[in-house]
$ cat input.csv   # CSV, C-alpha atoms
chain,number,residue,atom,x,y,z
A,1,MET,CA,6.4,-13.3,52.6
A,2,LYS,CA,9.0,-10.7,51.7
A,3,HIS,CA,7.9,-7.6,49.9
A,4,ASP,CA,9.7,-4.7,48.2
A,5,PRO,CA,11.2,-2.3,50.8
A,6,ASP,CA,9.6,0.6,48.9
A,7,ASP,CA,6.1,-0.9,49.7
A,8,VAL,CA,4.0,-1.0,52.8
A,9,VAL,CA,1.8,-4.0,53.8
A,10,ARG,CA,-1.8,-2.9,53.7
A,11,TYR,CA,-3.7,-6.2,53.9
A,12,THR,CA,-2.6,-9.7,55.1
A,13,ALA,CA,-3.3,-12.8,53.1
A,14,ALA,CA,-6.2,-13.7,55.4
A,15,GLU,CA,-7.8,-10.2,55.0
A,16,ARG,CA,-7.5,-10.4,51.2
A,17,LEU,CA,-9.0,-13.9,51.2
A,18,ASN,CA,-11.9,-12.6,53.3
A,19,HIS,CA,-12.4,-9.7,51.0
A,20,TRP,CA,-12.5,-11.9,47.8
A,21,MET,CA,-14.9,-14.3,49.4
A,22,VAL,CA,-17.3,-11.5,50.0
A,23,ALA,CA,-16.7,-10.1,46.5
A,24,ILE,CA,-17.2,-13.4,44.7
A,25,THR,CA,-20.3,-14.4,46.7
A,26,PHE,CA,-21.7,-10.9,46.1
A,27,ILE,CA,-21.3,-11.2,42.3
A,28,LEU,CA,-23.0,-14.6,42.3
A,29,LEU,CA,-25.9,-13.2,44.4
A,30,ALA,CA,-26.2,-10.2,42.1
A,31,LEU,CA,-26.4,-12.3,39.0
A,32,SER,CA,-28.8,-14.8,40.5
A,33,GLY,CA,-30.9,-12.1,42.1
A,34,LEU,CA,-31.1,-10.1,38.9
A,35,ALA,CA,-32.4,-13.2,37.1
A,36,PHE,CA,-35.6,-13.0,39.1
A,37,PHE,CA,-35.8,-9.2,39.3
A,38,HIS,CA,-36.6,-8.6,35.6
A,39,PRO,CA,-37.4,-10.8,32.6
A,40,MET,CA,-34.5,-9.2,30.7
A,41,PHE,CA,-32.1,-10.8,33.1
A,42,TYR,CA,-33.8,-14.2,33.3
A,43,PRO,CA,-31.3,-15.9,31.0
A,44,LEU,CA,-28.7,-15.5,33.8
A,45,ILE,CA,-30.3,-18.6,35.4
A,46,GLN,CA,-28.2,-20.6,32.9
A,47,LEU,CA,-25.1,-19.7,34.9
A,48,PHE,CA,-26.5,-21.6,37.8
A,49,GLY,CA,-28.0,-24.7,36.1
A,50,GLY,CA,-31.6,-23.3,35.5
A,51,GLY,CA,-34.4,-21.6,37.4
A,52,THR,CA,-34.8,-24.3,40.1
A,53,TRP,CA,-31.1,-24.4,40.9
A,54,THR,CA,-30.9,-20.7,40.9
A,55,ARG,CA,-33.6,-20.4,43.5
A,56,ILE,CA,-32.0,-23.2,45.6
A,57,LEU,CA,-28.5,-21.8,45.5
A,58,HIS,CA,-29.2,-18.1,45.9
A,59,PRO,CA,-30.1,-18.1,49.7
A,60,PHE,CA,-27.3,-20.5,50.5
A,61,ILE,CA,-24.8,-18.3,48.8
A,62,GLY,CA,-26.4,-15.4,50.7
A,63,VAL,CA,-25.6,-17.2,54.0
A,64,LEU,CA,-22.0,-17.7,52.9
A,65,MET,CA,-21.7,-14.0,52.0
A,66,ALA,CA,-23.2,-13.0,55.3
A,67,LEU,CA,-20.7,-15.2,57.3
A,68,SER,CA,-17.8,-13.8,55.2
A,69,PHE,CA,-19.0,-10.3,55.7
A,70,THR,CA,-19.4,-10.8,59.4
A,71,SER,CA,-15.8,-11.9,59.6
A,72,MET,CA,-14.8,-8.8,57.7
A,73,TYR,CA,-16.9,-6.6,60.0
A,74,PHE,CA,-15.1,-7.9,63.1
A,75,ARG,CA,-11.8,-7.4,61.4
A,76,PHE,CA,-12.4,-3.8,60.5
A,77,TRP,CA,-15.2,-2.1,62.4
A,78,LYS,CA,-12.9,-0.3,64.9
A,79,LEU,CA,-10.9,1.1,62.0
A,80,ASN,CA,-14.1,2.5,60.5
A,81,ILE,CA,-15.3,4.6,63.5
A,82,VAL,CA,-15.9,8.1,62.2
A,83,THR,CA,-13.7,10.8,63.6
A,84,PRO,CA,-13.8,14.6,63.4
A,85,ALA,CA,-11.0,14.3,60.7
A,86,ASP,CA,-13.3,12.1,58.7
A,87,ARG,CA,-16.1,14.6,58.8
A,88,GLU,CA,-13.7,17.3,57.7
A,89,TRP,CA,-12.6,14.9,54.8
A,90,LEU,CA,-16.2,14.5,53.8
A,91,ARG,CA,-16.7,18.2,53.7
A,92,HIS,CA,-13.9,18.5,51.2
A,93,ALA,CA,-14.7,15.4,49.2
A,94,ARG,CA,-15.9,17.4,46.2
A,95,GLU,CA,-12.6,19.2,46.0
A,96,LEU,CA,-10.8,15.9,46.0
A,97,ALA,CA,-13.0,14.7,43.1
A,98,GLU,CA,-12.0,17.8,41.2
A,99,GLY,CA,-8.3,17.0,41.7
A,100,ASN,CA,-7.6,19.5,44.5
A,101,GLU,CA,-6.1,17.7,47.6
A,102,GLN,CA,-4.7,20.8,49.3
A,103,ASN,CA,-7.5,21.0,51.9
A,104,MET,CA,-7.8,17.3,52.6
A,105,PRO,CA,-7.0,16.4,56.2
A,106,LYS,CA,-4.6,13.5,57.0
A,107,VAL,CA,-6.5,10.3,57.6
A,108,GLY,CA,-5.8,6.8,59.0
A,109,LYS,CA,-6.2,3.5,57.2
A,110,TYR,CA,-9.6,4.6,55.9
A,111,ASN,CA,-10.9,8.0,54.9
A,112,GLY,CA,-14.4,9.4,55.6
A,113,GLY,CA,-15.8,8.1,52.3
A,114,GLN,CA,-14.6,4.6,52.9
A,115,LYS,CA,-16.1,4.6,56.4
A,116,VAL,CA,-19.5,5.8,55.2
A,117,LEU,CA,-19.4,3.0,52.6
A,118,PHE,CA,-18.5,0.5,55.3
A,119,TRP,CA,-21.4,1.4,57.5
A,120,LEU,CA,-23.9,1.5,54.6
A,121,LEU,CA,-22.8,-2.0,53.6
A,122,VAL,CA,-23.2,-3.2,57.2
A,123,GLY,CA,-26.7,-1.8,57.3
A,124,SER,CA,-27.5,-3.2,53.8
A,125,MET,CA,-26.2,-6.6,54.7
A,126,ALA,CA,-28.3,-6.8,57.9
A,127,ILE,CA,-31.5,-5.9,56.0
A,128,LEU,CA,-30.7,-8.4,53.2
A,129,LEU,CA,-30.0,-11.2,55.7
A,130,VAL,CA,-33.2,-10.6,57.8
A,131,SER,CA,-35.5,-10.1,54.8
A,132,GLY,CA,-33.9,-13.1,53.0
A,133,PHE,CA,-34.7,-15.4,55.9
A,134,VAL,CA,-38.3,-14.2,56.0
A,135,MET,CA,-38.5,-14.9,52.2
A,136,TRP,CA,-36.7,-18.3,52.3
A,137,ARG,CA,-39.7,-20.4,51.2
A,138,ALA,CA,-38.1,-23.8,51.8
A,139,TYR,CA,-37.4,-23.2,55.5
A,140,PHE,CA,-38.7,-20.1,57.1
A,141,SER,CA,-41.4,-18.2,55.1
A,142,ALA,CA,-44.2,-20.4,56.5
A,143,LEU,CA,-43.5,-18.9,59.9
A,144,PHE,CA,-44.4,-15.4,58.8
A,145,PRO,CA,-47.6,-13.6,57.6
A,146,ILE,CA,-47.9,-13.0,53.9
A,147,GLY,CA,-47.8,-9.2,54.4
A,148,LEU,CA,-44.4,-9.4,56.1
A,149,ILE,CA,-43.1,-11.7,53.4
A,150,ARG,CA,-44.2,-9.2,50.7
A,151,LEU,CA,-42.7,-6.3,52.6
A,152,SER,CA,-39.5,-8.3,53.0
A,153,SER,CA,-39.4,-9.0,49.3
A,154,LEU,CA,-39.7,-5.3,48.5
A,155,ALA,CA,-37.0,-4.4,51.0
A,156,HIS,CA,-34.7,-7.1,49.8
A,157,ALA,CA,-34.9,-5.9,46.2
A,158,ALA,CA,-34.5,-2.3,47.0
A,159,VAL,CA,-31.5,-2.8,49.3
A,160,ALA,CA,-29.9,-5.3,46.9
A,161,ALA,CA,-30.1,-2.6,44.2
A,162,LEU,CA,-28.6,-0.1,46.6
A,163,MET,CA,-25.8,-2.5,47.4
A,164,ILE,CA,-25.0,-3.1,43.7
A,165,ILE,CA,-24.7,0.6,43.2
A,166,LEU,CA,-22.4,1.0,46.2
A,167,ILE,CA,-20.2,-1.9,45.1
A,168,ILE,CA,-20.0,-0.5,41.6
A,169,GLY,CA,-19.0,2.9,43.0
A,170,HIS,CA,-16.5,1.2,45.3
A,171,THR,CA,-14.9,-0.7,42.4
A,172,TYR,CA,-14.8,2.4,40.2
A,173,LEU,CA,-13.1,4.5,42.9
A,174,ALA,CA,-10.5,1.7,43.6
A,175,ILE,CA,-9.6,1.7,39.9
A,176,TRP,CA,-9.7,5.6,39.7
A,177,THR,CA,-7.3,5.9,42.7
A,178,LYS,CA,-4.2,4.6,41.0
A,179,GLY,CA,-2.3,2.0,43.1
A,180,SER,CA,-5.2,0.9,45.1
A,181,ILE,CA,-6.1,-2.4,43.4
A,182,ARG,CA,-2.7,-4.0,44.2
A,183,ALA,CA,-3.6,-3.7,47.9
A,184,MET,CA,-6.2,-6.4,47.4
A,185,THR,CA,-4.2,-8.5,44.9
A,186,ARG,CA,-0.6,-8.3,46.4
A,187,GLY,CA,-1.4,-6.9,49.8
A,188,THR,CA,0.9,-4.0,49.5
A,189,VAL,CA,0.9,-0.3,48.4
A,190,SER,CA,3.8,2.0,47.6
A,191,ARG,CA,5.1,4.3,50.3
A,192,ALA,CA,4.3,7.3,48.1
A,193,TRP,CA,0.6,6.1,47.8
A,194,ALA,CA,0.4,5.6,51.6
A,195,LYS,CA,1.8,9.0,52.3
A,196,GLN,CA,-0.5,10.7,49.8
A,197,HIS,CA,-3.8,9.0,50.7
A,198,HIS,CA,-3.5,7.7,54.3
A,199,ALA,CA,-0.7,9.7,55.9
A,200,LEU,CA,-1.7,8.9,59.5
A,201,TRP,CA,-1.9,5.2,58.8
A,202,TYR,CA,1.5,5.4,57.1
A,203,GLN,CA,3.1,7.1,60.0
A,204,GLU,CA,1.7,4.6,62.4
A,205,THR,CA,2.6,1.6,60.3
A,206,THR,CA,6.2,2.7,59.8
A,207,ARG,CA,6.9,4.0,63.3
A,208,SER,CA,8.6,0.8,64.3
A,209,GLU,CA,11.1,1.2,61.4
A,210,LYS,CA,12.6,4.3,62.9

$ encode --input "input.csv" --output "structure tokens"
Amino acid sequence: MKHDPDDVVRYTAAERLNHWMVAITFILLALSGLAFFHPMFYPLIQLFGGGTWTRILHPFIGVLMALSFTSMYFRFWKLNIVTPADREWLRHARELAEGNEQNMPKVGKYNGGQKVLFWLLVGSMAILLVSGFVMWRAYFSALFPIGLIRLSSLAHAAVAALMIILIIGHTYLAIWTKGSIRAMTRGTVSRAWAKQHHALWYQETTRSEK
């Protein structure tokens, strides 16, 4: 697919599809999980055909998200290894939030904040998957003692809440950083955006053009 010569390809169609599969399943899991988290959210079960169907579908959607996220992990984990430049970026993150980019080091495809988010999501996903299997009453919960099931329920709820906060923050920052959303809709970013936010990645990506 051709793109504007003033743009740089940031994500392929397959990578974008993978991202949106994770995003959609996460939203479905958040809504169905909240329905059982507090009575205020219980009406959300109507989105899934009632309480019984919500309980049936939630873990299966969870497996689908875990598989999609695993694919994403293997696509991007090497790009999210934290470097000294990333640690320097994190030390100046507050300055960036205040609009001062003078002291920000050049970074690759992902900056220090994005890498921290990636690894927090990896850890959260692992805990949700393991605790979810322990709690899955129809298939696995009979294999575990009640104490472990209760502990898994607590861990599952706490980590799910953390993950919701992380994703809300991720979405907000993507909107706040003008020009970022199109990377996951059209797959490209402007050259000016790439130079400003991910200079090392831009240099590497455009090296073959010289």

$ closest_residue --input "input.csv" --among "A:Met135, A:Ile164, A:Leu67, A:Ala30" --to "Arg150 in chain A" --atoms "only C-alpha atoms"
A:Met135

$ closest_residue --input "input.csv" --among "A:Met163, A:Ile181, A:Leu143, A:Val189" --to "Leu128 in chain A" --atoms "only C-alpha atoms"
A:Met163

$ closest_residue --input "input.csv" --among "A:Gly62, A:Gly108, A:Gly51, A:Val8" --to "Leu28 in chain A" --atoms "all atoms listed in the file"
A:Gly62

$ atom_distance --input "input.csv" --atom1 "CA of Arg94 in chain A" --atom2 "CA of Thr205 in chain A"
28.1 Å

$ residues_around --input "input.csv" --residues "Gly169 in chain A" --least-positions-apart "5" --cutoff "12 Å" --atoms "all atoms listed in the file" --output "PyMOL selection string"
chain A and resi 113-114+117+162-164+174-176

$ residues_around --input "input.csv" --residues "Lys195 in chain A" --least-positions-apart "2" --cutoff "12 Å" --atoms "all atoms listed in the file" --output "ChimeraX atom specification"
/A:6-8,106-109,189-193,197-206

$ write_last_selection --input "input.csv" --atoms "C-alpha atoms" --output "PDB file, in the coordinates of the input"
ATOM      1  CA  ASP A   6       9.600   0.600  48.900  1.00  0.00           C
ATOM      2  CA  ASP A   7       6.100  -0.900  49.700  1.00  0.00           C
ATOM      3  CA  VAL A   8       4.000  -1.000  52.800  1.00  0.00           C
ATOM      4  CA  LYS A 106      -4.600  13.500  57.000  1.00  0.00           C
ATOM      5  CA  VAL A 107      -6.500  10.300  57.600  1.00  0.00           C
ATOM      6  CA  GLY A 108      -5.800   6.800  59.000  1.00  0.00           C
ATOM      7  CA  LYS A 109      -6.200   3.500  57.200  1.00  0.00           C
ATOM      8  CA  VAL A 189       0.900  -0.300  48.400  1.00  0.00           C
ATOM      9  CA  SER A 190       3.800   2.000  47.600  1.00  0.00           C
ATOM     10  CA  ARG A 191       5.100   4.300  50.300  1.00  0.00           C
ATOM     11  CA  ALA A 192       4.300   7.300  48.100  1.00  0.00           C
ATOM     12  CA  TRP A 193       0.600   6.100  47.800  1.00  0.00           C
ATOM     13  CA  HIS A 197      -3.800   9.000  50.700  1.00  0.00           C
ATOM     14  CA  HIS A 198      -3.500   7.700  54.300  1.00  0.00           C
ATOM     15  CA  ALA A 199      -0.700   9.700  55.900  1.00  0.00           C
ATOM     16  CA  LEU A 200      -1.700   8.900  59.500  1.00  0.00           C
ATOM     17  CA  TRP A 201      -1.900   5.200  58.800  1.00  0.00           C
ATOM     18  CA  TYR A 202       1.500   5.400  57.100  1.00  0.00           C
ATOM     19  CA  GLN A 203       3.100   7.100  60.000  1.00  0.00           C
ATOM     20  CA  GLU A 204       1.700   4.600  62.400  1.00  0.00           C
ATOM     21  CA  THR A 205       2.600   1.600  60.300  1.00  0.00           C
ATOM     22  CA  THR A 206       6.200   2.700  59.800  1.00  0.00           C
TER      23      THR A 206
END

$ build_atoms --input "input.csv" --residues "range 103-116 of chain A" --atoms "N, CA and C atoms" --output "compact mmCIF listing (two decimals), in the coordinates of the input"
# COMPACT_ATOMS: atom_id res chain seq x y z
N ASN A 103 -6.78 20.86 50.67
CA ASN A 103 -7.50 21.00 51.90
C ASN A 103 -7.91 19.72 52.59
N MET A 104 -7.44 18.59 52.04
CA MET A 104 -7.80 17.30 52.60
C MET A 104 -7.03 17.02 53.87
N PRO A 105 -7.71 16.71 54.97
CA PRO A 105 -7.00 16.40 56.20
C PRO A 105 -6.30 15.04 56.13
N LYS A 106 -5.29 14.84 56.95
CA LYS A 106 -4.60 13.50 57.00
C LYS A 106 -5.59 12.52 57.66
N VAL A 107 -5.61 11.31 57.11
CA VAL A 107 -6.50 10.30 57.60
C VAL A 107 -5.74 9.01 57.93
N GLY A 108 -6.42 8.10 58.66
CA GLY A 108 -5.80 6.80 59.00
C GLY A 108 -5.97 5.82 57.90
N LYS A 109 -6.17 4.56 58.26
CA LYS A 109 -6.20 3.50 57.20
C LYS A 109 -7.37 3.71 56.28
N TYR A 110 -8.48 4.30 56.76
CA TYR A 110 -9.60 4.60 55.90
C TYR A 110 -10.04 6.01 56.01
N ASN A 111 -10.47 6.57 54.87
CA ASN A 111 -10.90 8.00 54.90
C ASN A 111 -12.44 8.01 55.15
N GLY A 112 -12.97 9.21 55.23
CA GLY A 112 -14.40 9.40 55.60
C GLY A 112 -15.32 8.68 54.58
N GLY A 113 -15.00 8.76 53.29
CA GLY A 113 -15.80 8.10 52.30
C GLY A 113 -15.85 6.61 52.44
N GLN A 114 -14.70 6.02 52.70
CA GLN A 114 -14.60 4.60 52.90
C GLN A 114 -15.38 4.13 54.13
N LYS A 115 -15.35 4.95 55.16
CA LYS A 115 -16.10 4.60 56.40
C LYS A 115 -17.57 4.68 56.19
N VAL A 116 -18.04 5.70 55.46
CA VAL A 116 -19.50 5.80 55.20
C VAL A 116 -19.91 4.57 54.36
